[in-house]
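Asks: Here's a structure for you.
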Amino acid sequence: MSNVNALLKGRTLEVINGIYLERSDKAEPFLEEYLRALVSRLPQFSSRTKKLRNWVAQVNALEAEMLPLDAAGLVASLKASCFAMRRQGFDDNLLARAFAAVREASKRTLGMRHHDVQLIGGWTLLQGILAEMETGEGKTLVATLAACTAAAAGATVHVVTVNDYLAERDAKQNSPLYEFFNLTVGIVGQGMSPADRRAQYARDIVYVSNKEIVFDYLKDRIAASDATSAHYRLRRLYRSQQQPESLLRGLHVAIVDEADSVLIDEARTPLIISETQPDEHGGALYKTAIERARLMVRGDHFEVTAQRDISINKQGEHHMRELTADLPGVWSSTLWRHELMQQALTALWCFHRDQHYIVADNKIQIVDEFSGRVMPDRSWERGLHQMIEAKEDCEITGQRSTLARITYQRFFRRYLLLCGMTGTAAEVAPELRRVYDMEVFKIPTHRPSQQVRLKNRCWLTSDERWEAVAERAIELSRQGRAVLIGTRSVEASEQLSARLAARNIEHAVLNARQDGQEAVIVARAGEPGRISVATNMAGRGTDIRLADEVAKNGGLHVILTEFHESARIDRQLFGRCARQGKPGSVEAMVSLEDDLFKRYASTMLIGMRAIAMRRGTVSSHLLNLLVGYAQRIAEFQNSRIRLSTLKQDRKLQAKLAFSGTPI
C-alpha cells in the first residue's frame, strides 16, 4: 500500500487504513471550500499549455524508440517506467516513456494511435484534474493511458461510467490493450453475485457504473462494522451465515467518465442500502390515502412547487380532516394524517408514469431522469414508493429501513486520486473545485468541428411540435441522412413513435423499455434514412458510427425535442453528431408547454404565450431568452439542493456512526 501512496507524491492526503486504503473524508471549513470555488473562475495560464506542448513533443520523440520493440520489449519498458513511479510519483519524464509504450501497444492491439490531444488528456487525469474534451474526441481511449500506467504502477484502478452498458462496452473494447501488458480487466454490473463481484474487483482495472460501486462500498462498510444489528442484517442480504469478505480492494484511483453527470447531476440524492420490513399497516392504508388524496383540489387545497414538493394550505388541512374523519387508527393523528396525505399527493401530482417510472410485471421500476434507464431494486423513501404502487394498483411492498447511506460527494472524495473526463464541465467548474477539490482543464480538439447549429424553433402546443418533428425527420431521412431524435421521457418517445408509425415510417425507439436492445439500435443508428427516437439513454457516451453514404449527405442530424434543466445535457445530445471533424447538424424543436418552462419560468411564459398567440409564432430570439433564463434558475436551484444534501449528509454522519449504522 505504501507504493500507492508514493504514486501521489506531492499531493497532501490524509490516508486511513480501515478495511482497505482510502482517503480520510473530513469536513472542511466553509471558507476554504468557498475560496477554492473562486480560484476555479480564474483563467487558465499559458505556462501549462507551453509545458504540455514540450511534453507531447517528448512523447512523440520516443515513438521511434518504441516502434522496433517486440511485445516483450514494450511490456518491459512500461514496467520499468511504472516501477520507478512507485518512488518518484507520476513524474513527467516517466509518464512520457509510459505513454509512448501504451500508444505503440494500442496501435498494435486496437488499431488506434493516441492523438497528441489524447496524450494531454491522459496526463491531465494522472494529475487529479478533470479533462474537458469535446464529445467525439475519444475519451474512452484517453482513459487507457491513465489506467495502464496507474495499474502497472500497482494501484487498483476503477473506471467509473454512467451505466452498465458503457462499462461493458468500453472494457471489452480496450481489453486487448490491457491484456497485452498482462493487466487483468474486471466488469461489474447489475445482478452479479457477491462472489462474482469480489472476483471482478480483484482485477487490476475494473469498469463499473457509479451506482454499482457506491452500493458495493456501502456493503463493505456494513460488513466491516462491529457486531451491530446492521451487520447481522447484511448477512441475510448476502444469504450467508459467515461474515463476507470485502468486495473492493481499496479506493486508489478513480477515472470517472462523463464526470459532470456522475459528480454533479446525480449528486442531488444520497444512495441508501435498505431492507424490506413487514408493514404493520398493510397495503390498505396506502390505497385509502390515494383515494382520499384524489378528492383534494390543486390550487384550493395545495400547491405543487418547482422542486416537485407539495405545500398543503390551511384550507387543505381542514379538508383533510373532513375527508378522514370516518377513518380509524393512525388517521386520528395530525402528524400521520399530514404525512400520509402529503405523500399521496406527491405520488399523484409529482411522479408520472412513463416519465419518472414504468410499470413492468406489475412492479414499479424507477427511471433515472439523467440517464433514462431503469434502476432495478431501487425504491423511494418514506412510503412514497408504496403510494405510487397503490396509485398504479400494483402489489404493495413492505417499508424500507436504512442500513447505510452516503452521497456521491462524500464517496468520491475518499479516492486517493480522483480524476475524470467529460465534454461539458466549464459551467460547473466552481462546484467541482469546491466539493471535490478538482480542477477543470480544457483540452483542445484534434480536428475543427463541422457541426452546423440550426435555429431553435418553438410551437405553442406540444401536439404541433410533435407533428413538426415527425415531418422534419421524414424529410431528412428521405435525403439519405440518419436522424436521432432526443426526448425527455419514455412517454414522449412513444408518443412520437406512434405518429411515425401512423405514417408507416420505419424507425427505432430506445428507452427504458428497450434497454436490452441498446447495442443493436445504436449500431444501426448511422445507416442511411434511419430514424432513431431515444430518451437520455443516447445522450452520453454513445458513438454512432456513420455509413459513408450518410457522411456524404451531410451526416447525422440531431433533433432535441425538449430542453433539459441543464444546458450541459443538451450539449451532450448535440455531441452525438459531427464527431472527429465529420459533418452533422443539430436543431431544437420545442413547445411552450414543455416542463422546463412551466416549472422555472412560469411568469415569463405568460408573456411569451401572449406574444406568440398575437404573432402566430415564437421568435427564435425570444425563445433563446426563455431557455437561458429557465436553465439558469434550474441550475441554481439544483446546485443549492446538492450543497444542502452534502451538508445534511455530514450532519447525519456523526449520528449514524454513533448508532452503529455505517456510512
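As shown in the C-alpha cells, the chain order sets the letters A, B, ...; within each chain, residues go from 1, and ligands are also counted from 1 in the order they appear.
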What's the 10 Å shell around Ala390 (chain A), counting only C-alpha atoms, without same-chain residues fewer than 2 positions away, as a list of chain:residue names?

Replies: A:Gly283, A:Ala284, A:Leu285, A:Tyr286, A:Lys287, A:Thr288, A:Ala289, A:Ile290, A:Glu291, A:Ala344, A:Ala347, A:Leu384, A:His385, A:Gln386, A:Met387, A:Ile388, A:Glu392, A:Asp393, A:Cys394, A:Glu395, A:Ile396, A:Thr397

Asks: I need the chosen residues saved as a tab-separated table (two decimals), in the first residue's frame, with N, CA and C atoms.

Replies:
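Result saved to out26.tsv:
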chain	number	residue	atom	x	y	z
A	283	GLY	N	-51.31	-2.84	2.89
A	283	GLY	CA	-51.50	-2.04	1.69
A	283	GLY	C	-52.74	-1.18	1.72
A	284	ALA	N	-53.72	-1.54	2.54
A	284	ALA	CA	-54.98	-0.79	2.58
A	284	ALA	C	-54.76	0.67	2.97
A	285	LEU	N	-53.78	0.91	3.84
A	285	LEU	CA	-53.50	2.28	4.29
A	285	LEU	C	-53.14	3.18	3.11
A	286	TYR	N	-52.28	2.68	2.22
A	286	TYR	CA	-51.81	3.49	1.10
A	286	TYR	C	-52.93	3.67	0.06
A	287	LYS	N	-53.71	2.63	-0.16
A	287	LYS	CA	-54.81	2.74	-1.11
A	287	LYS	C	-55.86	3.74	-0.62
A	288	THR	N	-56.10	3.74	0.68
A	288	THR	CA	-57.04	4.71	1.24
A	288	THR	C	-56.51	6.12	1.08
A	289	ALA	N	-55.21	6.31	1.34
A	289	ALA	CA	-54.61	7.63	1.21
A	289	ALA	C	-54.72	8.15	-0.22
A	290	ILE	N	-54.48	7.28	-1.20
A	290	ILE	CA	-54.58	7.68	-2.60
A	290	ILE	C	-56.02	8.05	-2.95
A	291	GLU	N	-56.97	7.25	-2.48
A	291	GLU	CA	-58.39	7.53	-2.77
A	291	GLU	C	-58.81	8.88	-2.21
A	344	ALA	N	-49.24	10.94	-0.57
A	344	ALA	CA	-50.22	10.52	-1.57
A	344	ALA	C	-50.35	11.58	-2.67
A	347	ALA	N	-47.32	11.44	-4.89
A	347	ALA	CA	-47.41	10.33	-5.83
A	347	ALA	C	-48.33	10.67	-7.00
A	384	LEU	N	-43.32	6.73	-0.07
A	384	LEU	CA	-43.67	7.24	-1.39
A	384	LEU	C	-43.78	6.11	-2.41
A	385	HIS	N	-42.86	5.15	-2.33
A	385	HIS	CA	-42.90	4.03	-3.28
A	385	HIS	C	-44.20	3.26	-3.13
A	386	GLN	N	-44.63	3.03	-1.89
A	386	GLN	CA	-45.87	2.29	-1.65
A	386	GLN	C	-47.09	3.09	-2.16
A	387	MET	N	-47.01	4.41	-2.03
A	387	MET	CA	-48.10	5.25	-2.53
A	387	MET	C	-48.22	5.14	-4.05
A	388	ILE	N	-47.10	5.12	-4.74
A	388	ILE	CA	-47.13	5.00	-6.20
A	388	ILE	C	-47.61	3.62	-6.61
A	392	GLU	N	-50.94	2.96	-8.94
A	392	GLU	CA	-50.94	2.16	-10.17
A	392	GLU	C	-51.57	0.78	-9.97
A	393	ASP	N	-52.16	0.55	-8.80
A	393	ASP	CA	-52.83	-0.72	-8.49
A	393	ASP	C	-51.87	-1.90	-8.61
A	394	CYS	N	-50.63	-1.71	-8.14
A	394	CYS	CA	-49.63	-2.78	-8.11
A	394	CYS	C	-49.60	-3.41	-6.72
A	395	GLU	N	-48.90	-4.52	-6.61
A	395	GLU	CA	-48.73	-5.16	-5.31
A	395	GLU	C	-47.94	-4.22	-4.39
A	396	ILE	N	-48.42	-4.05	-3.16
A	396	ILE	CA	-47.78	-3.14	-2.21
A	396	ILE	C	-46.64	-3.87	-1.52
A	397	THR	N	-45.43	-3.33	-1.66
A	397	THR	CA	-44.27	-3.93	-1.00
A	397	THR	C	-44.14	-3.39	0.42

Asks: Show me, as a PDB file with N, CA, C and O atoms, in the first residue's frame, the residues that have an atom within 8 Å of Pro528 (chain A) when counting only C-alpha atoms, minus same-chain residues fewer than 3 positions from it.

Replies:
ATOM      1  N   SER A 477     -34.698  11.967 -43.557  1.00  0.00           N
ATOM      2  CA  SER A 477     -34.395  10.562 -43.852  1.00  0.00           C
ATOM      3  C   SER A 477     -34.494  10.287 -45.350  1.00  0.00           C
ATOM      4  O   SER A 477     -33.749   9.466 -45.890  1.00  0.00           O
ATOM      5  N   GLY A 480     -31.414  10.710 -47.348  1.00  0.00           N
ATOM      6  CA  GLY A 480     -30.337   9.744 -47.136  1.00  0.00           C
ATOM      7  C   GLY A 480     -29.527  10.000 -45.888  1.00  0.00           C
ATOM      8  O   GLY A 480     -28.459   9.404 -45.698  1.00  0.00           O
ATOM      9  N   ARG A 481     -30.034  10.853 -45.003  1.00  0.00           N
ATOM     10  CA  ARG A 481     -29.324  11.142 -43.755  1.00  0.00           C
ATOM     11  C   ARG A 481     -29.857  10.261 -42.630  1.00  0.00           C
ATOM     12  O   ARG A 481     -30.952   9.701 -42.704  1.00  0.00           O
ATOM     13  N   ALA A 482     -29.079  10.135 -41.582  1.00  0.00           N
ATOM     14  CA  ALA A 482     -29.527   9.455 -40.363  1.00  0.00           C
ATOM     15  C   ALA A 482     -30.033  10.519 -39.395  1.00  0.00           C
ATOM     16  O   ALA A 482     -29.462  11.609 -39.304  1.00  0.00           O
ATOM     17  N   ALA A 547     -22.481   5.535 -41.806  1.00  0.00           N
ATOM     18  CA  ALA A 547     -22.179   4.916 -43.091  1.00  0.00           C
ATOM     19  C   ALA A 547     -21.595   5.986 -44.007  1.00  0.00           C
ATOM     20  O   ALA A 547     -21.883   7.179 -43.855  1.00  0.00           O
ATOM     21  N   GLU A 549     -22.274   6.759 -46.988  1.00  0.00           N
ATOM     22  CA  GLU A 549     -23.318   7.474 -47.729  1.00  0.00           C
ATOM     23  C   GLU A 549     -23.935   8.579 -46.878  1.00  0.00           C
ATOM     24  O   GLU A 549     -24.245   9.665 -47.374  1.00  0.00           O
ATOM     25  N   VAL A 550     -24.120   8.302 -45.586  1.00  0.00           N
ATOM     26  CA  VAL A 550     -24.684   9.305 -44.685  1.00  0.00           C
ATOM     27  C   VAL A 550     -23.741  10.500 -44.553  1.00  0.00           C
ATOM     28  O   VAL A 550     -24.173  11.656 -44.575  1.00  0.00           O
TER      29      VAL A 550
END

Asks: Mind giving me the straight-line distance from CA of Ala492 (chain A) to CA of Glu467 (chain A) in Å, one decimal?

Replies: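 Taking CA of Ala492 (chain A) and CA of Glu467 (chain A), their separation equals 12.6 Å.
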
Asks: Smallest atom-to-atom distance to Val359 (chain A): which of A:Ile569, A:Ile272, A:Val435, A:Ala512, using only C-alpha atoms?

Replies: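 When distances to Val359 (chain A) are compared using only C-alpha atoms, the smallest one comes from A:Ala512.
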
Asks: Could you state the separation of CA of Leu263 (chain A) and CA of Glu587 (chain A) in Å, given to one decimal place?

Replies: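 These atoms are spaced 28.0 Å apart.
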
Asks: May I have a table of the residues of region 481-561 of chain A lying at most 12 Å from region 594-601 of chain A, giving each one's closest pair of atoms and their distance in Å to one decimal, counting only C-alpha atoms, ordered by chain and ascending residue number, as a Markdown table?

Replies:
| residue | atom | partner | partner_atom | distance |
| --- | --- | --- | --- | --- |
| A:Thr487 | CA | A:Asp594 | CA | 11.3 |
| A:Arg488 | CA | A:Asp595 | CA | 9.8 |
| A:Ser489 | CA | A:Asp595 | CA | 11.1 |
| A:Ala492 | CA | A:Asp594 | CA | 11.1 |
| A:Thr561 | CA | A:Asp594 | CA | 9.3 |

Asks: Quick one, how far is CA of Leu62 (chain A) from CA of Gly581 (chain A)?

Replies: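 Between CA of Leu62 (chain A) and CA of Gly581 (chain A) the gap is 27.6 Å.
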